[in-house]
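Chemist: Take this structure first; my questions come after.
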Amino acid sequence: MSALSTRIRIHKPWRLAAEATALLIAAVVAFPLYWMVLSALKPAGEIQSTEARPWTLSPSLDSFRRVFEQQEFGRYFLNSVFVAGAVVIASALIAFLAATAVTRFRFRFRTTLLIMFLVAQMVPIEALTIPLFFLMRDFGQLNTLGALILPHIAFSLPFAIWMLRGFVKAVPEALEEAAYIDGASRTRFLWQILFPLVFPGLVATSVFSFISTWNDFLFAKSFIISDTSQSTLPMALLVFFKPDENDWGGIMAASTVMTIPVLVFFVLVQRRLVSGLGGAVKD
């Protein structure tokens, strides 16, 4: 008993140090979010003050009022929801089918195809913006939500396919053979057996697709030129950038409103996300 107590006393300081380090890292990561919300709640006088204080004694909702009084803000919000939802659903389904194909089937140039997926991840988005602009112009997709959906699906697929490939590979082939023996068709096995097993991986990839699409500013600025009714939430921030003086309260309030759907999405999928990332690391 004494040896066990000594061992616990030896390991306890290391555990406390690890927990303290984790709390410190969490505080550093969360501080920008705290400052964003604080700036959104500060009155204009405190925001413009040269003495920055990490608190406010007179919180105000004027910045949020200015945000919601913008005529197109509701439309921008709905456009962002539609674009992000379409990208998440389409990229998840396509990545699931593609990951199953490259894992379960043997065909020529399969390895070359997988390498191309990695190469596609290495190309910066900024380098492809101009070619994509001309491509969307030739397809007649400029000033439409399709100009935002299609590129994000294309950029989300390589990572999603690589990640889901590990989940599909982890499913034993004996399970597939047993399903065929029991009379299940390939389609039934795909959607009723394989799909639920790799669903945590789909959630993990969907989180990355959702965040990159929801926060996109480059494509929204490049492909939505004249029809502002097709713009998304990041474009709403431009209203508060003015030549003479920026409305930092409105900028922080709009950024806070943009962050809320992301937090809600994380809360809804956090359990699946943890298991999905754990499965990816295990693979």
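Residues are named by chain letter and number: chains run A, B, ... in the order of the structure tokens, numbers start at 1 in each chain, and ligands are numbered from 1 in the order shown.
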If you count only C-alpha atoms, which residues fall within 10 Å of stretch 28-36 of chain A, apart from same-chain ones fewer than 2 positions away, as a ChimeraX atom specification?

Modeler: /A:22-26,38-41,53-55,248-249,251-256,259

Chemist: Those same residues, written as a tab-separated table (two decimals), in the first residue's frame with C-alpha atoms?

Modeler:
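result-v8.tsv was written with the following content:
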```
chain	number	residue	atom	x	y	z
A	22	ALA	CA	-3.36	22.30	-21.03
A	23	LEU	CA	-5.32	25.04	-19.24
A	24	LEU	CA	-2.73	27.63	-20.23
A	25	ILE	CA	-2.87	26.58	-23.89
A	26	ALA	CA	-6.68	26.63	-23.80
A	38	LEU	CA	-15.68	41.86	-25.51
A	39	SER	CA	-15.03	44.34	-28.31
A	40	ALA	CA	-18.48	43.63	-29.73
A	41	LEU	CA	-20.04	44.48	-26.36
A	53	ARG	CA	-8.92	47.11	-20.89
A	54	PRO	CA	-9.82	43.39	-20.82
A	55	TRP	CA	-13.25	44.18	-19.36
A	248	TRP	CA	-14.48	47.97	-35.11
A	249	GLY	CA	-17.52	47.35	-32.94
A	251	ILE	CA	-16.68	44.20	-37.29
A	252	MET	CA	-16.34	42.33	-33.99
A	253	ALA	CA	-20.11	41.92	-33.65
A	254	ALA	CA	-20.43	40.52	-37.17
A	255	SER	CA	-17.48	38.20	-36.52
A	256	THR	CA	-19.17	36.98	-33.34
A	259	THR	CA	-18.67	32.28	-35.14
```

Chemist: Taking a cut-off of 6 Å and counting only C-alpha atoms, can you build a table that, for each residue of stretch 162-260 of chain A near stretch 71-77 of chain A, reports the nearest atom pair and how far apart they are in Å (one decimal), sorted by chain then residue number, as a tab-separated table?

Modeler:
```
residue	atom	partner	partner_atom	distance
A:Ser231	CA	A:Tyr76	CA	5.7
A:Thr232	CA	A:Tyr76	CA	4.4
A:Leu233	CA	A:Tyr76	CA	5.0
```

Chemist: Pull all heavy atoms from the residues just selected and write them as a PDB file, in the first residue's frame.

Modeler:
```pdb
ATOM      1  N   SER A 231     -23.967  37.104 -52.253  1.00  0.00           N
ATOM      2  CA  SER A 231     -22.802  37.142 -51.381  1.00  0.00           C
ATOM      3  C   SER A 231     -23.049  36.331 -50.119  1.00  0.00           C
ATOM      4  O   SER A 231     -24.185  35.985 -49.777  1.00  0.00           O
ATOM      5  CB  SER A 231     -22.455  38.587 -51.012  1.00  0.00           C
ATOM      6  OG  SER A 231     -22.093  39.323 -52.159  1.00  0.00           O
ATOM      7  N   THR A 232     -21.975  36.055 -49.392  1.00  0.00           N
ATOM      8  CA  THR A 232     -22.050  35.290 -48.148  1.00  0.00           C
ATOM      9  C   THR A 232     -21.618  36.181 -46.979  1.00  0.00           C
ATOM     10  O   THR A 232     -21.231  37.332 -47.150  1.00  0.00           O
ATOM     11  CB  THR A 232     -21.153  34.047 -48.228  1.00  0.00           C
ATOM     12  OG1 THR A 232     -19.837  34.433 -48.654  1.00  0.00           O
ATOM     13  CG2 THR A 232     -21.717  33.046 -49.232  1.00  0.00           C
ATOM     14  N   LEU A 233     -21.656  35.607 -45.775  1.00  0.00           N
ATOM     15  CA  LEU A 233     -21.417  36.395 -44.571  1.00  0.00           C
ATOM     16  C   LEU A 233     -20.061  37.106 -44.525  1.00  0.00           C
ATOM     17  O   LEU A 233     -20.006  38.252 -44.056  1.00  0.00           O
ATOM     18  CB  LEU A 233     -21.569  35.493 -43.336  1.00  0.00           C
ATOM     19  CG  LEU A 233     -22.964  35.426 -42.710  1.00  0.00           C
ATOM     20  CD1 LEU A 233     -22.937  34.565 -41.461  1.00  0.00           C
ATOM     21  CD2 LEU A 233     -23.474  36.818 -42.384  1.00  0.00           C
TER      22      LEU A 233
END
```

Chemist: Identify which of the residues A:Val267, A:Pro158, A:Ile260, A:Ser49 lies closest to A:Val37, counting only C-alpha atoms when measuring atom-to-atom distances.

Modeler: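 The answer is A:Ile260, which sits nearest to A:Val37.
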
Chemist: Figure out the distance between atom CA of A:Glu126 and atom CA of A:Leu150, please, to one decimal in Å.

Modeler: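 Rounded to one decimal, the two atoms are 15.9 Å apart.
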
Chemist: Could you give me, as JSON lines, every stretch 133-229 of chain A residue with an atom at most 12 Å from stretch 99-115 of chain A, plus its closest atom pair and distance in Å to one decimal, counting only C-alpha atoms, rows ordered by chain then number?

Modeler:
```
{"residue": "A:Leu157", "atom": "CA", "partner": "A:Ala99", "partner_atom": "CA", "distance": 9.9}
{"residue": "A:Pro158", "atom": "CA", "partner": "A:Leu114", "partner_atom": "CA", "distance": 8.6}
{"residue": "A:Phe159", "atom": "CA", "partner": "A:Ala99", "partner_atom": "CA", "distance": 10.6}
{"residue": "A:Ala160", "atom": "CA", "partner": "A:Ala99", "partner_atom": "CA", "distance": 8.4}
{"residue": "A:Ile161", "atom": "CA", "partner": "A:Ala99", "partner_atom": "CA", "distance": 5.1}
{"residue": "A:Trp162", "atom": "CA", "partner": "A:Ala99", "partner_atom": "CA", "distance": 7.2}
{"residue": "A:Met163", "atom": "CA", "partner": "A:Ala99", "partner_atom": "CA", "distance": 8.4}
{"residue": "A:Leu164", "atom": "CA", "partner": "A:Ala99", "partner_atom": "CA", "distance": 5.9}
{"residue": "A:Arg165", "atom": "CA", "partner": "A:Ala99", "partner_atom": "CA", "distance": 4.8}
{"residue": "A:Gly166", "atom": "CA", "partner": "A:Ala99", "partner_atom": "CA", "distance": 8.5}
{"residue": "A:Phe167", "atom": "CA", "partner": "A:Ala99", "partner_atom": "CA", "distance": 8.8}
{"residue": "A:Val168", "atom": "CA", "partner": "A:Thr100", "partner_atom": "CA", "distance": 6.2}
{"residue": "A:Lys169", "atom": "CA", "partner": "A:Thr103", "partner_atom": "CA", "distance": 6.2}
{"residue": "A:Ala170", "atom": "CA", "partner": "A:Thr103", "partner_atom": "CA", "distance": 10.0}
{"residue": "A:Val171", "atom": "CA", "partner": "A:Arg104", "partner_atom": "CA", "distance": 10.2}
{"residue": "A:Pro172", "atom": "CA", "partner": "A:Arg104", "partner_atom": "CA", "distance": 10.6}
{"residue": "A:Glu173", "atom": "CA", "partner": "A:Arg104", "partner_atom": "CA", "distance": 8.6}
{"residue": "A:Glu176", "atom": "CA", "partner": "A:Arg104", "partner_atom": "CA", "distance": 10.2}
{"residue": "A:Arg186", "atom": "CA", "partner": "A:Thr100", "partner_atom": "CA", "distance": 11.6}
{"residue": "A:Thr187", "atom": "CA", "partner": "A:Thr100", "partner_atom": "CA", "distance": 11.9}
{"residue": "A:Phe189", "atom": "CA", "partner": "A:Thr100", "partner_atom": "CA", "distance": 11.6}
{"residue": "A:Leu190", "atom": "CA", "partner": "A:Thr100", "partner_atom": "CA", "distance": 8.7}
{"residue": "A:Trp191", "atom": "CA", "partner": "A:Thr100", "partner_atom": "CA", "distance": 11.3}
{"residue": "A:Leu194", "atom": "CA", "partner": "A:Thr100", "partner_atom": "CA", "distance": 9.1}
{"residue": "A:Phe195", "atom": "CA", "partner": "A:Thr100", "partner_atom": "CA", "distance": 9.9}
{"residue": "A:Val198", "atom": "CA", "partner": "A:Thr100", "partner_atom": "CA", "distance": 10.2}
{"residue": "A:Gly201", "atom": "CA", "partner": "A:Ala99", "partner_atom": "CA", "distance": 11.2}
{"residue": "A:Leu202", "atom": "CA", "partner": "A:Ala99", "partner_atom": "CA", "distance": 11.0}
```

Chemist: Based on DSSP run over this structure's backbone, return all residues of stretch 22-188 of chain A in helix (DSSP H, G or I), as a ChimeraX atom specification.

Modeler: /A:22-41,44-47,62-68,73-104,110-122,125-138,146-170,173-181,186-188

Chemist: Quick one: residues within 10 Å of A:Ala147, only C-alpha atoms, excluding same-chain residues fewer than 2 positions away - as a PyMOL selection string?

Modeler: chain A and resi 83+132-133+135-137+139-145+149-152+219-220+222-224+230

Chemist: Go ahead and dump the residues you just picked, N, CA, C and O atoms, as a tab-separated table (two decimals), in the first residue's frame.

Modeler:
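Produced file selection.tsv, reproduced below:
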```tsv
chain	number	residue	atom	x	y	z
A	83	VAL	N	-24.58	27.41	-48.96
A	83	VAL	CA	-23.31	27.02	-49.59
A	83	VAL	C	-22.58	26.01	-48.72
A	83	VAL	O	-22.10	24.97	-49.21
A	132	LEU	N	-9.62	29.63	-61.90
A	132	LEU	CA	-10.99	29.28	-61.54
A	132	LEU	C	-11.96	30.40	-61.94
A	132	LEU	O	-13.11	30.12	-62.33
A	133	PHE	N	-11.52	31.62	-61.86
A	133	PHE	CA	-12.38	32.74	-62.26
A	133	PHE	C	-12.76	32.61	-63.73
A	133	PHE	O	-13.94	32.73	-64.11
A	135	LEU	N	-12.66	29.92	-65.50
A	135	LEU	CA	-13.44	28.71	-65.68
A	135	LEU	C	-14.91	28.95	-65.33
A	135	LEU	O	-15.82	28.54	-66.07
A	136	MET	N	-15.15	29.64	-64.21
A	136	MET	CA	-16.53	29.95	-63.82
A	136	MET	C	-17.17	30.91	-64.80
A	136	MET	O	-18.37	30.83	-65.08
A	137	ARG	N	-16.38	31.81	-65.37
A	137	ARG	CA	-16.92	32.74	-66.37
A	137	ARG	C	-17.35	31.98	-67.61
A	137	ARG	O	-18.43	32.25	-68.17
A	139	PHE	N	-18.29	28.90	-67.79
A	139	PHE	CA	-19.45	28.08	-67.46
A	139	PHE	C	-20.68	28.92	-67.12
A	139	PHE	O	-21.75	28.37	-66.87
A	140	GLY	N	-20.53	30.23	-67.09
A	140	GLY	CA	-21.65	31.10	-66.77
A	140	GLY	C	-22.07	31.04	-65.31
A	140	GLY	O	-23.24	31.28	-65.01
A	141	GLN	N	-21.13	30.76	-64.42
A	141	GLN	CA	-21.45	30.61	-63.00
A	141	GLN	C	-21.07	31.82	-62.15
A	141	GLN	O	-21.29	31.81	-60.93
A	142	LEU	N	-20.47	32.85	-62.76
A	142	LEU	CA	-20.14	34.04	-61.98
A	142	LEU	C	-21.42	34.68	-61.43
A	142	LEU	O	-22.48	34.66	-62.07
A	143	ASN	N	-21.31	35.27	-60.24
A	143	ASN	CA	-22.44	35.90	-59.56
A	143	ASN	C	-23.53	34.90	-59.20
A	143	ASN	O	-24.71	35.26	-59.10
A	144	THR	N	-23.15	33.64	-59.01
A	144	THR	CA	-24.09	32.61	-58.55
A	144	THR	C	-23.46	31.86	-57.38
A	144	THR	O	-22.23	31.85	-57.23
A	145	LEU	N	-24.28	31.22	-56.60
A	145	LEU	CA	-23.78	30.43	-55.48
A	145	LEU	C	-23.02	29.20	-55.96
A	145	LEU	O	-22.20	28.65	-55.24
A	149	ILE	N	-19.84	26.97	-54.49
A	149	ILE	CA	-20.02	25.57	-54.09
A	149	ILE	C	-19.03	24.66	-54.81
A	149	ILE	O	-18.36	23.83	-54.18
A	150	LEU	N	-18.94	24.79	-56.12
A	150	LEU	CA	-18.11	23.86	-56.91
A	150	LEU	C	-16.63	23.91	-56.52
A	150	LEU	O	-16.02	22.85	-56.31
A	151	PRO	N	-16.00	25.08	-56.41
A	151	PRO	CA	-14.58	25.07	-56.02
A	151	PRO	C	-14.34	24.49	-54.63
A	151	PRO	O	-13.35	23.78	-54.42
A	152	HIS	N	-15.22	24.77	-53.69
A	152	HIS	CA	-15.02	24.25	-52.33
A	152	HIS	C	-15.19	22.73	-52.29
A	152	HIS	O	-14.50	22.06	-51.51
A	219	PHE	N	-12.94	33.41	-52.49
A	219	PHE	CA	-13.82	33.05	-53.60
A	219	PHE	C	-15.05	33.97	-53.64
A	219	PHE	O	-15.52	34.34	-54.72
A	220	ALA	N	-15.58	34.29	-52.47
A	220	ALA	CA	-16.76	35.16	-52.44
A	220	ALA	C	-16.45	36.54	-53.02
A	220	ALA	O	-17.28	37.14	-53.70
A	222	SER	N	-13.99	37.12	-55.22
A	222	SER	CA	-13.51	37.00	-56.61
A	222	SER	C	-14.62	36.63	-57.58
A	222	SER	O	-14.63	37.09	-58.73
A	223	PHE	N	-15.57	35.79	-57.15
A	223	PHE	CA	-16.56	35.24	-58.07
A	223	PHE	C	-17.91	35.95	-58.00
A	223	PHE	O	-18.70	35.83	-58.92
A	224	ILE	N	-18.18	36.65	-56.92
A	224	ILE	CA	-19.42	37.43	-56.81
A	224	ILE	C	-19.05	38.88	-57.05
A	224	ILE	O	-18.59	39.58	-56.16
A	230	GLN	N	-26.04	37.45	-53.95
A	230	GLN	CA	-25.46	36.12	-53.90
A	230	GLN	C	-24.22	36.05	-52.99
A	230	GLN	O	-23.54	35.03	-52.96
```

Chemist: Ranking A:Arg15, A:Met235, A:Asp244, A:Leu263 by minimum distance to A:Ser80 and counting only C-alpha atoms, which one comes first?

Modeler: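 Using only C-alpha atoms, A:Ser80 sits closest to A:Met235.
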
Chemist: Separation of atom CA of A:Leu61 and atom CA of A:Val264, in Å?

Modeler: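 Interatomic distance here is 21.4 Å.
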
Chemist: To one decimal place in Å, what is the distance between atom CA of A:Ala95 and atom CA of A:Met122?

Modeler: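 Calculated distance between atom CA of A:Ala95 and atom CA of A:Met122 is 18.4 Å.
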